[in-house]
Amino acid sequence: MSGSDPDDELLSRVFLTRVIEPGDAVAGRWVREFGVGQVVRRLREGGRPLPGVSEKRWAGLLARARPAQPERDLRVARDAGVRFVCPGDAEWPGQLDDLGEARPLGLWIRGRPSLRMWALRSVAVVGARACTEYGAHMAVTLAAGLAERGWVVVSGGAYGVDGAAHRGALGAGGATVAVLACGVDRPYPRGHTQLITRIADQGLVVGELPPGDHPTPSRFIVRNRVIAALTRGTVVVEAAYRSGSLVTARAAQRLGRHTMGVPGPTTSGLSAGVHELLRGDATLVTDAAEVVELVGDMGELAPDRRGPVLPRDLLAPGARRVLAALPARGAATAEEIARGTPTTEDDAIARLYELRALGYVERHGDGWKLTRQAMISVQGGRSPC
């Protein structure tokens, strides 16, 4: 196989996806230094190991290489509506090149849209498999909000937060991408077969492994680097201290992508990993607008957050200060109120008559006290501490 012919390059990379594990930086260095065609020849012919591997590991690679049939893998993939995209192809997302020697050898893609175009405006939403109702709600809401704003939601197709994120995007009529740790023709987990089939019909299902390959724990971990690299930022919704979603977030940080976390109850172990991220360089987010403010273009700002406007907010500052100086119970003289503001007694009296006209205070002899209406307004603005 010669690396100069595009068809040979394609077959060579398909061959390597059957032999080399995803994320293998040593094999990535071989490809960079010797070229795809030369690496394939050495694996087919045997002989001395390529640099950086032991005799035992080399023997294992040769054993994998012997039954590999790239032509058959391509045929099976095409029959399942799956295509193979190589680095340098028109559909290849250039941001995956940031992974360096751990860059995928190629990607198997199921679905009609262009991965390169979709990845340009995408956000990863990941989190705990055994998430709480709160976590599922936040994932659905975030994903739907992102989809409504024209962003592609990327996740791993797993139970819990991943599935909720995909459903949120689909439910909003938006775009979503599932990055799997197995062959894209074999949905995993099986309980998500219907969901992943729907994603393939309406969006994209992506993976590094050839048709029929099964997931393993290590493949889930290395898959996460693709999710991180493919997107502009990663949002973590619920994660324990030991969580695969934290691997995605840390990969995003290493790649210079935005890393975000949704806070949760401090009493929940599923919030511990997210809170640890937030104690570091991650940014706290609570909705899609705040996510887009970080990952979006200049000017895509989240709205200012504030409580409801109360009638007392419309008062002049001096009148608000006088109103706040009145005791919650009983009456106070104008002199006492002036000391609490602080202002002059004459100014306090003028403000008190303004407030009486608006129904906030009433006069009792030499004293002034809050009306029932004002009690609610003033107490609502005071800190319980």
# chains A, B, ... in the order shown; residues from 1 in each chain; ligands from 1

$ select_by_dssp --residues "range 248-294 of chain A" --states "strand (DSSP E)" --output "ChimeraX atom specification"
/A:258-262,283-284

$ residues_around --residues "Asp185 in chain A" --least-positions-apart "3" --cutoff "7 Å" --atoms "only C-alpha atoms" --output "JSON, numbers by chain"
{"A": [80, 211, 212]}

$ write_last_selection --atoms "C-alpha atoms" --output "PDB file, in the first residue's frame"
ATOM      1  CA  ALA A  80     -24.706   0.034   7.261  1.00  0.00           C
ATOM      2  CA  PRO A 211     -17.611  -2.020  12.431  1.00  0.00           C
ATOM      3  CA  GLY A 212     -18.601  -4.580  15.039  1.00  0.00           C
TER       4      GLY A 212
END

$ residues_around --residues "range 164-180 of chain A" --least-positions-apart "4" --cutoff "6 Å" --atoms "only C-alpha atoms" --output "list in words"
Ala136, Ala139, Val140, Ala143, Ala144, Ala147, Val152, Val153, Val154, Ser155, Gly156, Gly157, Gly203, Leu204, Val205, Val206 and Gly207 of chain A

$ atom_distance --atom1 "CA of Ala68 in chain A" --atom2 "CA of Phe220 in chain A"
22.8 Å

$ closest_residue --among "A:Ala229, A:Pro51, A:Arg198, A:Arg254" --to "Val123 in chain A" --atoms "only C-alpha atoms"
A:Ala229

$ closest_residue --among "A:Gln95, A:Ile199, A:Glu101, A:Pro210" --to "Arg78 in chain A" --atoms "only C-alpha atoms"
A:Pro210

$ atom_distance --atom1 "CA of Pro317 in chain A" --atom2 "CA of Gly365 in chain A"
26.3 Å

$ closest_residue --among "A:Glu238, A:Leu120, A:Val292, A:Ile109" --to "Leu74 in chain A" --atoms "only C-alpha atoms"
A:Ile109

$ residues_around --residues "range 331-334 of chain A" --least-positions-apart "2" --cutoff "9 Å" --atoms "only C-alpha atoms" --output "JSON, numbers by chain"
{"A": [326, 327, 328, 329, 336, 337, 338, 339, 345, 346, 348, 349, 352, 363, 364, 366, 367, 368, 369, 370]}

$ closest_atom_pairs --of "range 42-160 of chain A" --to "range 222-228 of chain A" --cutoff "12 Å" --atoms "only C-alpha atoms" --output "tab-separated table"
residue	atom	partner	partner_atom	distance
A:Pro93	CA	A:Val226	CA	10.7
A:Gly94	CA	A:Val226	CA	11.9
A:Gln95	CA	A:Val226	CA	9.7
A:Leu96	CA	A:Val226	CA	7.1
A:Asp97	CA	A:Val226	CA	10.3
A:Asp98	CA	A:Val226	CA	10.2
A:Leu99	CA	A:Arg225	CA	8.0
A:Gly100	CA	A:Arg225	CA	11.5
A:Ala102	CA	A:Arg225	CA	8.9
A:Arg103	CA	A:Val226	CA	8.2
A:Pro104	CA	A:Val226	CA	8.0
A:Leu105	CA	A:Val226	CA	11.7
A:Gly106	CA	A:Val226	CA	11.3
A:Leu107	CA	A:Val226	CA	10.1
A:Ala119	CA	A:Ile227	CA	10.1
A:Ser122	CA	A:Ile227	CA	10.0
A:Val123	CA	A:Ala228	CA	8.9
A:Ala124	CA	A:Ile227	CA	6.6
A:Val125	CA	A:Ile227	CA	9.4
A:Val126	CA	A:Ile227	CA	9.3
A:Gly127	CA	A:Asn224	CA	11.5
A:Val153	CA	A:Ile227	CA	10.4
A:Val154	CA	A:Ile227	CA	6.9
A:Ser155	CA	A:Ile227	CA	6.9
A:Gly156	CA	A:Ile227	CA	7.7
A:Gly157	CA	A:Ile227	CA	11.3
A:Ala158	CA	A:Asn224	CA	11.9

$ residues_around --residues "Ile221 in chain A" --least-positions-apart "6" --cutoff "9 Å" --atoms "only C-alpha atoms" --output "list in words"
Ala181, Gly244, Ser245, Val247 and Thr248 of chain A

$ residues_around --residues "Ile20 in chain A" --least-positions-apart "5" --cutoff "10 Å" --atoms "only C-alpha atoms" --output "list in words"
Arg13, Phe15, Val26, Ala27, Gly28, Leu61, Arg64, Ala65, Leu105 and Leu209 of chain A

$ select_by_dssp --residues "range 70-313 of chain A" --states "helix (DSSP H, G or I)" --output "number ranges by chain"
A: 70-79, 94-102, 115-119, 133-148, 161-171, 190-202, 217-230, 244-254, 269-279, 288-295, 311-313

$ atom_distance --atom1 "CA of Arg48 in chain A" --atom2 "CA of Gly35 in chain A"
17.3 Å

$ closest_residue --among "A:Pro113, A:Pro70, A:Gly60, A:Gly47" --to "Asp7 in chain A" --atoms "only C-alpha atoms"
A:Pro70

$ closest_residue --among "A:Ser271, A:Gln202, A:Ser12, A:Thr266" --to "Arg112 in chain A" --atoms "only C-alpha atoms"
A:Gln202

$ closest_residue --among "A:Val76, A:Leu230, A:Val237, A:Leu278" --to "Trp92 in chain A" --atoms "only C-alpha atoms"
A:Leu230

$ decode --residues "range 263-291 of chain A" --atoms "C-alpha atoms" --output "CSV table (one decimal), in the first residue's frame"
chain,number,residue,atom,x,y,z
A,263,PRO,CA,-23.2,23.3,40.6
A,264,GLY,CA,-25.3,20.9,42.6
A,265,PRO,CA,-26.2,20.2,46.3
A,266,THR,CA,-23.1,20.1,48.5
A,267,THR,CA,-24.6,17.1,50.2
A,268,SER,CA,-24.5,15.0,47.0
A,269,GLY,CA,-21.5,12.9,46.1
A,270,LEU,CA,-22.4,13.4,42.4
A,271,SER,CA,-21.7,17.1,42.9
A,272,ALA,CA,-18.3,16.6,44.4
A,273,GLY,CA,-16.4,16.2,41.1
A,274,VAL,CA,-18.0,19.2,39.6
A,275,HIS,CA,-17.3,21.4,42.6
A,276,GLU,CA,-13.7,20.3,42.5
A,277,LEU,CA,-13.5,21.5,38.9
A,278,LEU,CA,-15.1,24.8,39.9
A,279,ARG,CA,-12.5,25.3,42.6
A,280,GLY,CA,-10.0,25.2,39.8
A,281,ASP,CA,-10.1,26.7,36.4
A,282,ALA,CA,-13.7,25.7,35.4
A,283,THR,CA,-16.4,28.3,35.0
A,284,LEU,CA,-19.8,28.0,36.9
A,285,VAL,CA,-22.8,27.9,34.5
A,286,THR,CA,-26.5,27.5,35.2
A,287,ASP,CA,-28.1,27.7,31.8
A,288,ALA,CA,-27.5,27.7,28.0
A,289,ALA,CA,-27.1,31.5,27.8
A,290,GLU,CA,-24.1,31.4,30.2
A,291,VAL,CA,-22.5,28.6,28.2
